[in-house]
file final.cif (mmCIF, C-alpha atoms)
data_my_file
#
loop_
_atom_site.label_atom_id
_atom_site.label_comp_id
_atom_site.auth_asym_id
_atom_site.auth_seq_id
_atom_site.Cartn_x
_atom_site.Cartn_y
_atom_site.Cartn_z
CA MET A 1 -15.10 78.94 98.86
CA ASN A 2 -14.21 81.93 96.82
CA ASN A 3 -11.74 84.63 97.74
CA ILE A 4 -14.37 87.39 98.09
CA ILE A 5 -16.30 85.43 100.72
CA LEU A 6 -13.22 84.42 102.66
CA LYS A 7 -11.63 87.87 102.64
CA ASN A 8 -14.79 89.70 103.71
CA GLY A 9 -15.58 87.07 106.32
CA LEU A 10 -12.14 87.46 107.85
CA PHE A 11 -12.27 91.27 107.84
CA GLY A 12 -15.69 91.22 109.50
CA SER A 13 -14.38 88.69 112.02
CA ILE A 14 -11.52 90.98 112.98
CA ILE A 15 -13.96 93.78 113.79
CA VAL A 16 -16.41 91.71 115.81
CA SER A 17 -13.61 89.86 117.61
CA ALA A 18 -11.82 93.09 118.52
CA LEU A 19 -15.03 94.43 120.00
CA LEU A 20 -15.64 91.19 121.91
CA VAL A 21 -12.13 91.32 123.38
CA SER A 22 -12.53 95.01 124.26
CA VAL A 23 -15.85 94.43 126.03
CA THR A 24 -14.36 91.49 127.93
CA ILE A 25 -11.39 93.59 129.08
CA TYR A 26 -13.79 96.31 130.18
CA MET A 27 -15.95 93.83 132.09
CA LYS A 28 -12.91 92.35 133.82
CA SER A 29 -11.57 95.83 134.67
CA TYR A 30 -14.89 97.22 135.90
CA PRO A 31 -16.89 94.23 137.17
CA GLU A 32 -19.46 96.43 138.88
CA LYS A 33 -20.43 98.19 135.65
CA GLU A 34 -22.76 96.68 133.08
CA VAL A 35 -21.88 96.92 129.41
CA SER A 36 -24.74 98.04 127.20
CA MET A 37 -25.87 95.51 124.62
CA ILE A 38 -25.85 98.39 122.15
CA PHE A 39 -22.06 98.06 121.92
CA GLY A 40 -22.34 94.40 120.99
CA PHE A 41 -24.97 94.97 118.34
CA ALA A 42 -23.09 97.98 116.96
CA GLY A 43 -19.97 95.84 116.57
CA MET A 44 -21.94 93.11 114.86
CA LEU A 45 -23.57 95.57 112.47
CA LEU A 46 -20.19 97.11 111.75
CA ALA A 47 -18.79 93.65 110.98
CA PHE A 48 -21.77 92.89 108.73
CA ILE A 49 -20.84 95.82 106.51
CA PHE A 50 -18.51 93.26 104.98
CA VAL A 51 -21.57 91.22 103.99
CA VAL A 52 -22.75 94.15 101.87
CA LYS A 53 -19.25 94.72 100.53
CA GLY A 54 -18.85 91.03 99.65
CA ILE A 55 -22.19 90.82 97.83
CA LYS A 56 -21.35 93.96 95.88
CA GLN A 57 -17.89 92.62 94.98
CA GLN A 58 -19.47 89.34 93.87
CA ARG A 59 -21.94 91.27 91.71
CA ASP A 60 -19.14 93.37 90.19
CA ALA A 61 -17.14 90.22 89.44
CA ASN A 62 -20.18 88.90 87.56
CA ASN A 63 -20.46 91.82 85.10
CA GLY A 64 -22.73 93.81 87.43
CA TYR A 65 -25.35 91.09 87.87
CA ILE A 66 -26.23 88.80 90.77
CA SER A 67 -29.36 86.80 91.51
CA LEU A 68 -31.13 87.02 94.84
CA GLY A 69 -30.09 83.47 95.67
CA LYS A 70 -26.43 84.00 94.82
CA ALA A 71 -26.41 87.32 96.70
CA PHE A 72 -28.00 85.72 99.77
CA LEU A 73 -25.62 82.76 99.73
CA THR A 74 -22.63 85.08 99.44
CA GLY A 75 -23.88 87.05 102.44
CA PHE A 76 -24.74 83.89 104.35
CA TRP A 77 -21.25 82.39 103.90
CA ILE A 78 -19.62 85.66 104.99
CA THR A 79 -21.97 85.75 107.99
CA LEU A 80 -21.14 82.15 108.85
CA ILE A 81 -17.40 82.90 108.83
CA ILE A 82 -17.88 86.00 111.00
CA SER A 83 -20.17 84.11 113.39
CA THR A 84 -17.92 81.07 113.68
CA ILE A 85 -14.84 83.15 114.47
CA TYR A 86 -16.92 85.15 116.97
CA VAL A 87 -17.90 81.88 118.67
CA LEU A 88 -14.30 80.61 118.69
CA VAL A 89 -12.99 83.88 120.15
CA TRP A 90 -15.69 83.79 122.83
CA LEU A 91 -14.77 80.20 123.74
CA VAL A 92 -11.12 81.19 124.16
CA ILE A 93 -12.09 84.21 126.27
CA LEU A 94 -14.58 82.26 128.35
CA TYR A 95 -12.42 79.26 129.18
CA THR A 96 -9.11 81.11 129.44
CA PHE A 97 -9.77 84.59 130.79
CA PHE A 98 -13.34 84.75 132.11
CA PRO A 99 -14.35 81.31 133.42
CA ASN A 100 -16.72 82.89 135.98
CA PHE A 101 -18.59 84.87 133.32
CA MET A 102 -21.97 83.22 133.85
CA GLU A 103 -21.74 83.69 137.61
CA HIS A 104 -20.87 87.36 137.04
CA TYR A 105 -23.69 87.80 134.52
CA ALA A 106 -26.21 86.05 136.78
CA ASN A 107 -25.29 88.22 139.77
CA MET A 108 -25.69 91.38 137.69
CA ALA A 109 -29.10 90.24 136.40
CA ILE A 110 -30.32 89.39 139.90
CA GLU A 111 -29.09 92.71 141.33
CA LYS A 112 -30.85 94.58 138.52
CA ALA A 113 -34.17 92.76 139.05
CA SER A 114 -36.99 94.44 140.91
CA PRO A 115 -37.92 92.94 144.30
CA ASN A 116 -40.95 91.27 142.71
CA GLU A 117 -38.80 89.60 140.04
CA VAL A 118 -35.83 88.43 142.12
CA VAL A 119 -37.08 84.88 142.63
CA LYS A 120 -38.00 84.44 138.96
CA VAL A 121 -34.72 85.94 137.70
CA THR A 122 -32.71 83.84 140.15
CA GLU A 123 -34.39 80.67 138.87
CA GLU A 124 -33.74 81.69 135.24
CA MET A 125 -30.10 82.51 135.96
CA ASN A 126 -29.61 79.19 137.77
CA THR A 127 -30.98 77.42 134.69
CA TYR A 128 -28.63 79.37 132.42
CA LYS A 129 -25.65 78.68 134.70
CA GLU A 130 -26.43 74.97 134.53
CA MET A 131 -26.76 75.05 130.72
CA TYR A 132 -23.53 77.05 130.42
CA LYS A 133 -21.63 74.17 132.01
CA ASN A 134 -22.11 72.27 128.73
CA PRO A 135 -19.72 73.53 125.98
CA VAL A 136 -22.25 72.63 123.25
CA MET A 137 -24.80 74.93 124.89
CA VAL A 138 -22.20 77.70 125.13
CA ILE A 139 -21.56 77.34 121.40
CA LEU A 140 -25.29 77.35 120.58
CA PHE A 141 -26.01 80.38 122.80
CA THR A 142 -23.10 82.28 121.27
CA TYR A 143 -24.20 81.50 117.72
CA MET A 144 -27.70 82.69 118.65
CA GLU A 145 -26.24 86.08 119.61
CA ILE A 146 -24.85 86.82 116.17
CA LEU A 147 -26.02 84.39 113.47
CA PRO A 148 -29.72 85.37 113.24
CA LEU A 149 -28.80 89.04 112.89
CA GLY A 150 -26.31 88.15 110.17
CA ILE A 151 -28.84 86.07 108.26
CA VAL A 152 -31.35 88.92 108.31
CA PHE A 153 -28.60 91.33 107.25
CA SER A 154 -27.64 88.98 104.41
CA LEU A 155 -31.23 88.72 103.19
CA VAL A 156 -31.85 92.47 103.28
CA SER A 157 -28.51 93.13 101.55
CA ALA A 158 -29.29 90.53 98.90
CA LEU A 159 -32.70 92.08 98.24
CA ILE A 160 -31.12 95.52 97.83
CA LEU A 161 -28.11 94.46 95.75
CA LYS A 162 -29.65 91.81 93.46
CA LYS A 163 -29.61 92.73 89.80
CA LYS A 164 -30.64 90.52 86.91
CA PRO A 165 -29.48 91.09 83.36
CA ILE A 166 -31.98 92.77 81.09
CA ASN A 167 -32.93 90.45 78.24
#

call {"tool": "encode", "arguments": {"input": "final.cif", "output": "structure tokens"}}
result
Amino acid sequence: MNNIILKNGLFGSIIVSALLVSVTIYMKSYPEKEVSMIFGFAGMLLAFIFVVKGIKQQRDANNGYISLGKAFLTGFWITLIISTIYVLVWLVILYTFFPNFMEHYANMAIEKASPNEVVKVTEEMNTYKEMYKNPVMVILFTYMEILPLGIVFSLVSALILKKKPIN
């Protein structure tokens, strides 16, 4: 793995992990308040700026040229590093500092549901609580929060930054 990918992946990971820790501290400090998902997505998008930066650095290192495939793979590997560290940080937070997270999340979702939806939401939350008991499912759910967004970001960035040499 080249230095550009590793460096940008780590810098993006620092941003998204810092936000994840901050949101967790907030949720633990103010359990009655719900954190907007906008903060999570904003942190992810901020971290994915390093995808753009990495693709551009890779292009600059290649005399100003990069194919769509090479640009996408560069972005994908940076995204995978960011996503994996995000998952690892969440696992540490979940199992060390916030083991009742799913119970907390389920209660908030049920309280927020309209009277007509309470039964349905309660059933859904019970299903999620059961799935969250399995660490593999926790890992898969956490990857699904960040990885698809990063892949789309990588593809769009690659389309914008690709540049083939003129023959």

call {"tool": "closest_residue", "arguments": {"input": "final.cif", "among": "A:Met102, A:Val87, A:Ile66, A:Tyr30", "to": "Ile166 of chain A", "atoms": "only C-alpha atoms"}}
result
A:Ile66

call {"tool": "closest_residue", "arguments": {"input": "final.cif", "among": "A:Phe39, A:Trp77, A:Tyr95, A:Phe72", "to": "Pro135 of chain A", "atoms": "only C-alpha atoms"}}
result
A:Tyr95

call {"tool": "atom_distance", "arguments": {"input": "final.cif", "atom1": "atom CA of Ile151 of chain A", "atom2": "atom CA of Ile78 of chain A"}}
result
9.8 Å

call {"tool": "resolve_selection", "arguments": {"input": "final.cif", "expression": "the PyMOL selection byres ((chain A and resi 163) around 12)", "output": "number ranges by chain"}}
result
A: 55-56, 58-60, 62-71, 157-162, 164-166

call {"tool": "residues_around", "arguments": {"input": "final.cif", "residues": "Tyr86 of chain A", "least_positions_apart": "6", "cutoff": "9 Å", "atoms": "only C-alpha atoms", "output": "PDB file with C-alpha atoms, in the frame of the given file"}}
result
ATOM      1  CA  SER A  13     -14.380  88.690 112.020  1.00  0.00           C
ATOM      2  CA  ILE A  14     -11.520  90.980 112.980  1.00  0.00           C
ATOM      3  CA  VAL A  16     -16.410  91.710 115.810  1.00  0.00           C
ATOM      4  CA  SER A  17     -13.610  89.860 117.610  1.00  0.00           C
ATOM      5  CA  LEU A  20     -15.640  91.190 121.910  1.00  0.00           C
ATOM      6  CA  THR A 142     -23.100  82.280 121.270  1.00  0.00           C
ATOM      7  CA  TYR A 143     -24.200  81.500 117.720  1.00  0.00           C
ATOM      8  CA  ILE A 146     -24.850  86.820 116.170  1.00  0.00           C
TER       9      ILE A 146
END

call {"tool": "atom_distance", "arguments": {"input": "final.cif", "atom1": "atom CA of Met131 of chain A", "atom2": "atom CA of Ile25 of chain A"}}
result
24.1 Å

call {"tool": "atom_distance", "arguments": {"input": "final.cif", "atom1": "atom CA of Thr74 of chain A", "atom2": "atom CA of Val51 of chain A"}}
result
7.7 Å

call {"tool": "resolve_selection", "arguments": {"input": "final.cif", "expression": "the PyMOL selection byres ((chain A and resi 21) around 12)", "output": "MDAnalysis selection string"}}
result
chainID A and resid 13:20 22:28 40 43 86 88:94 97:98

call {"tool": "residues_around", "arguments": {"input": "final.cif", "residues": "segment 123-127 of chain A", "least_positions_apart": "4", "cutoff": "12 Å", "atoms": "all atoms listed in the file", "output": "list in words"}}
result
Met102, Glu103, His104, Tyr105, Ala106, Asn107, Met108, Ala109, Ile110, Glu111, Ala113, Glu117, Val118, Val119, Met131, Tyr132, Lys133, Asn134 and Met137 of chain A

call {"tool": "closest_residue", "arguments": {"input": "final.cif", "among": "A:Ala61, A:Ile82, A:Met37, A:Leu45", "to": "Gly12 of chain A", "atoms": "all atoms listed in the file"}}
result
A:Ile82

call {"tool": "closest_residue", "arguments": {"input": "final.cif", "among": "A:Leu147, A:Leu73, A:Val156, A:Val35", "to": "Asn2 of chain A", "atoms": "all atoms listed in the file"}}
result
A:Leu73

call {"tool": "closest_residue", "arguments": {"input": "final.cif", "among": "A:Ile85, A:Val121, A:Val52, A:Val136", "to": "Ile4 of chain A", "atoms": "only C-alpha atoms"}}
result
A:Val52

call {"tool": "closest_residue", "arguments": {"input": "final.cif", "among": "A:Lys112, A:Thr84, A:Gly9, A:Phe50", "to": "Glu32 of chain A", "atoms": "only C-alpha atoms"}}
result
A:Lys112

call {"tool": "decode", "arguments": {"input": "final.cif", "residues": "segment 109-124 of chain A", "atoms": "all heavy atoms", "output": "mmCIF file, in the first residue's frame"}}
result
data_model
loop_
_atom_site.group_PDB
_atom_site.id
_atom_site.type_symbol
_atom_site.label_atom_id
_atom_site.label_comp_id
_atom_site.auth_asym_id
_atom_site.auth_seq_id
_atom_site.Cartn_x
_atom_site.Cartn_y
_atom_site.Cartn_z
ATOM 1 N N ALA A 109 -35.991 5.556 19.931
ATOM 2 C CA ALA A 109 -36.791 5.339 18.718
ATOM 3 C C ALA A 109 -38.247 5.062 19.069
ATOM 4 O O ALA A 109 -39.162 5.569 18.404
ATOM 5 C CB ALA A 109 -36.209 4.187 17.909
ATOM 6 N N ILE A 110 -38.474 4.291 20.111
ATOM 7 C CA ILE A 110 -39.847 3.961 20.521
ATOM 8 C C ILE A 110 -40.547 5.203 21.058
ATOM 9 O O ILE A 110 -41.712 5.458 20.734
ATOM 10 C CB ILE A 110 -39.839 2.812 21.556
ATOM 11 C CG1 ILE A 110 -39.355 1.517 20.883
ATOM 12 C CG2 ILE A 110 -41.223 2.626 22.173
ATOM 13 C CD1 ILE A 110 -38.998 0.404 21.840
ATOM 14 N N GLU A 111 -39.838 6.006 21.865
ATOM 15 C CA GLU A 111 -40.431 7.235 22.407
ATOM 16 C C GLU A 111 -40.781 8.229 21.292
ATOM 17 O O GLU A 111 -41.753 8.974 21.409
ATOM 18 C CB GLU A 111 -39.470 7.896 23.391
ATOM 19 C CG GLU A 111 -39.336 7.154 24.698
ATOM 20 C CD GLU A 111 -38.238 7.722 25.593
ATOM 21 O OE1 GLU A 111 -37.732 8.839 25.315
ATOM 22 O OE2 GLU A 111 -37.876 7.031 26.556
ATOM 23 N N LYS A 112 -39.985 8.236 20.241
ATOM 24 C CA LYS A 112 -40.190 9.166 19.129
ATOM 25 C C LYS A 112 -41.316 8.718 18.192
ATOM 26 O O LYS A 112 -41.873 9.527 17.448
ATOM 27 C CB LYS A 112 -38.873 9.288 18.347
ATOM 28 C CG LYS A 112 -38.767 10.529 17.523
ATOM 29 C CD LYS A 112 -37.353 10.734 17.030
ATOM 30 C CE LYS A 112 -37.115 9.943 15.779
ATOM 31 N NZ LYS A 112 -35.838 10.227 15.142
ATOM 32 N N ALA A 113 -41.668 7.450 18.241
ATOM 33 C CA ALA A 113 -42.684 6.899 17.330
ATOM 34 C C ALA A 113 -44.071 7.442 17.665
ATOM 35 O O ALA A 113 -44.383 7.698 18.828
ATOM 36 C CB ALA A 113 -42.681 5.383 17.412
ATOM 37 N N SER A 114 -44.876 7.581 16.632
ATOM 38 C CA SER A 114 -46.261 8.005 16.838
ATOM 39 C C SER A 114 -47.026 6.842 17.478
ATOM 40 O O SER A 114 -46.608 5.687 17.379
ATOM 41 C CB SER A 114 -46.890 8.406 15.507
ATOM 42 O OG SER A 114 -47.091 7.269 14.706
ATOM 43 N N PRO A 115 -48.159 7.131 18.114
ATOM 44 C CA PRO A 115 -48.924 6.047 18.753
ATOM 45 C C PRO A 115 -49.279 4.901 17.796
ATOM 46 O O PRO A 115 -49.322 3.746 18.203
ATOM 47 C CB PRO A 115 -50.194 6.761 19.241
ATOM 48 C CG PRO A 115 -49.772 8.180 19.439
ATOM 49 C CD PRO A 115 -48.735 8.436 18.370
ATOM 50 N N ASN A 116 -49.498 5.226 16.537
ATOM 51 C CA ASN A 116 -49.834 4.188 15.559
ATOM 52 C C ASN A 116 -48.642 3.311 15.209
ATOM 53 O O ASN A 116 -48.817 2.183 14.742
ATOM 54 C CB ASN A 116 -50.368 4.818 14.266
ATOM 55 C CG ASN A 116 -51.649 5.581 14.494
ATOM 56 O OD1 ASN A 116 -52.357 5.350 15.467
ATOM 57 N ND2 ASN A 116 -51.946 6.499 13.592
ATOM 58 N N GLU A 117 -47.430 3.823 15.391
ATOM 59 C CA GLU A 117 -46.220 3.106 14.988
ATOM 60 C C GLU A 117 -45.513 2.393 16.131
ATOM 61 O O GLU A 117 -44.553 1.671 15.886
ATOM 62 C CB GLU A 117 -45.228 4.091 14.353
ATOM 63 C CG GLU A 117 -45.704 4.756 13.096
ATOM 64 C CD GLU A 117 -44.698 5.791 12.601
ATOM 65 O OE1 GLU A 117 -44.104 6.507 13.435
ATOM 66 O OE2 GLU A 117 -44.503 5.858 11.384
ATOM 67 N N VAL A 118 -45.940 2.601 17.360
ATOM 68 C CA VAL A 118 -45.206 2.091 18.526
ATOM 69 C C VAL A 118 -44.978 0.579 18.453
ATOM 70 O O VAL A 118 -43.869 0.102 18.686
ATOM 71 C CB VAL A 118 -45.907 2.492 19.848
ATOM 72 C CG1 VAL A 118 -45.313 1.754 21.038
ATOM 73 C CG2 VAL A 118 -45.820 3.986 20.056
ATOM 74 N N VAL A 119 -46.005 -0.162 18.121
ATOM 75 C CA VAL A 119 -45.878 -1.625 18.079
ATOM 76 C C VAL A 119 -44.867 -2.035 17.012
ATOM 77 O O VAL A 119 -43.978 -2.862 17.267
ATOM 78 C CB VAL A 119 -47.254 -2.296 17.829
ATOM 79 C CG1 VAL A 119 -47.092 -3.789 17.585
ATOM 80 C CG2 VAL A 119 -48.185 -2.037 18.999
ATOM 81 N N LYS A 120 -44.976 -1.439 15.826
ATOM 82 C CA LYS A 120 -44.069 -1.766 14.724
ATOM 83 C C LYS A 120 -42.619 -1.403 15.078
ATOM 84 O O LYS A 120 -41.698 -2.188 14.864
ATOM 85 C CB LYS A 120 -44.505 -1.037 13.450
ATOM 86 C CG LYS A 120 -43.626 -1.308 12.260
ATOM 87 C CD LYS A 120 -44.089 -0.514 11.052
ATOM 88 C CE LYS A 120 -43.099 -0.694 9.930
ATOM 89 N NZ LYS A 120 -42.947 0.465 9.103
ATOM 90 N N VAL A 121 -42.431 -0.198 15.602
ATOM 91 C CA VAL A 121 -41.079 0.256 15.959
ATOM 92 C C VAL A 121 -40.507 -0.607 17.075
ATOM 93 O O VAL A 121 -39.317 -0.960 17.051
ATOM 94 C CB VAL A 121 -41.087 1.757 16.352
ATOM 95 C CG1 VAL A 121 -39.760 2.189 16.932
ATOM 96 C CG2 VAL A 121 -41.458 2.615 15.144
ATOM 97 N N THR A 122 -41.323 -0.968 18.038
ATOM 98 C CA THR A 122 -40.855 -1.829 19.134
ATOM 99 C C THR A 122 -40.383 -3.180 18.596
ATOM 100 O O THR A 122 -39.325 -3.683 18.998
ATOM 101 C CB THR A 122 -41.979 -2.036 20.177
ATOM 102 O OG1 THR A 122 -42.372 -0.761 20.674
ATOM 103 C CG2 THR A 122 -41.512 -2.912 21.324
ATOM 104 N N GLU A 123 -41.139 -3.754 17.667
ATOM 105 C CA GLU A 123 -40.728 -5.030 17.065
ATOM 106 C C GLU A 123 -39.411 -4.884 16.302
ATOM 107 O O GLU A 123 -38.525 -5.738 16.414
ATOM 108 C CB GLU A 123 -41.822 -5.550 16.123
ATOM 109 C CG GLU A 123 -43.053 -6.052 16.832
ATOM 110 C CD GLU A 123 -44.191 -6.404 15.870
ATOM 111 O OE1 GLU A 123 -44.002 -6.296 14.634
ATOM 112 O OE2 GLU A 123 -45.262 -6.778 16.364
ATOM 113 N N GLU A 124 -39.287 -3.798 15.528
ATOM 114 C CA GLU A 124 -38.042 -3.550 14.786
ATOM 115 C C GLU A 124 -36.866 -3.394 15.742
ATOM 116 O O GLU A 124 -35.790 -3.971 15.512
ATOM 117 C CB GLU A 124 -38.163 -2.283 13.941
ATOM 118 C CG GLU A 124 -38.963 -2.416 12.696
ATOM 119 C CD GLU A 124 -39.080 -1.093 11.939
ATOM 120 O OE1 GLU A 124 -38.419 -0.102 12.322
ATOM 121 O OE2 GLU A 124 -39.836 -1.059 10.956
#
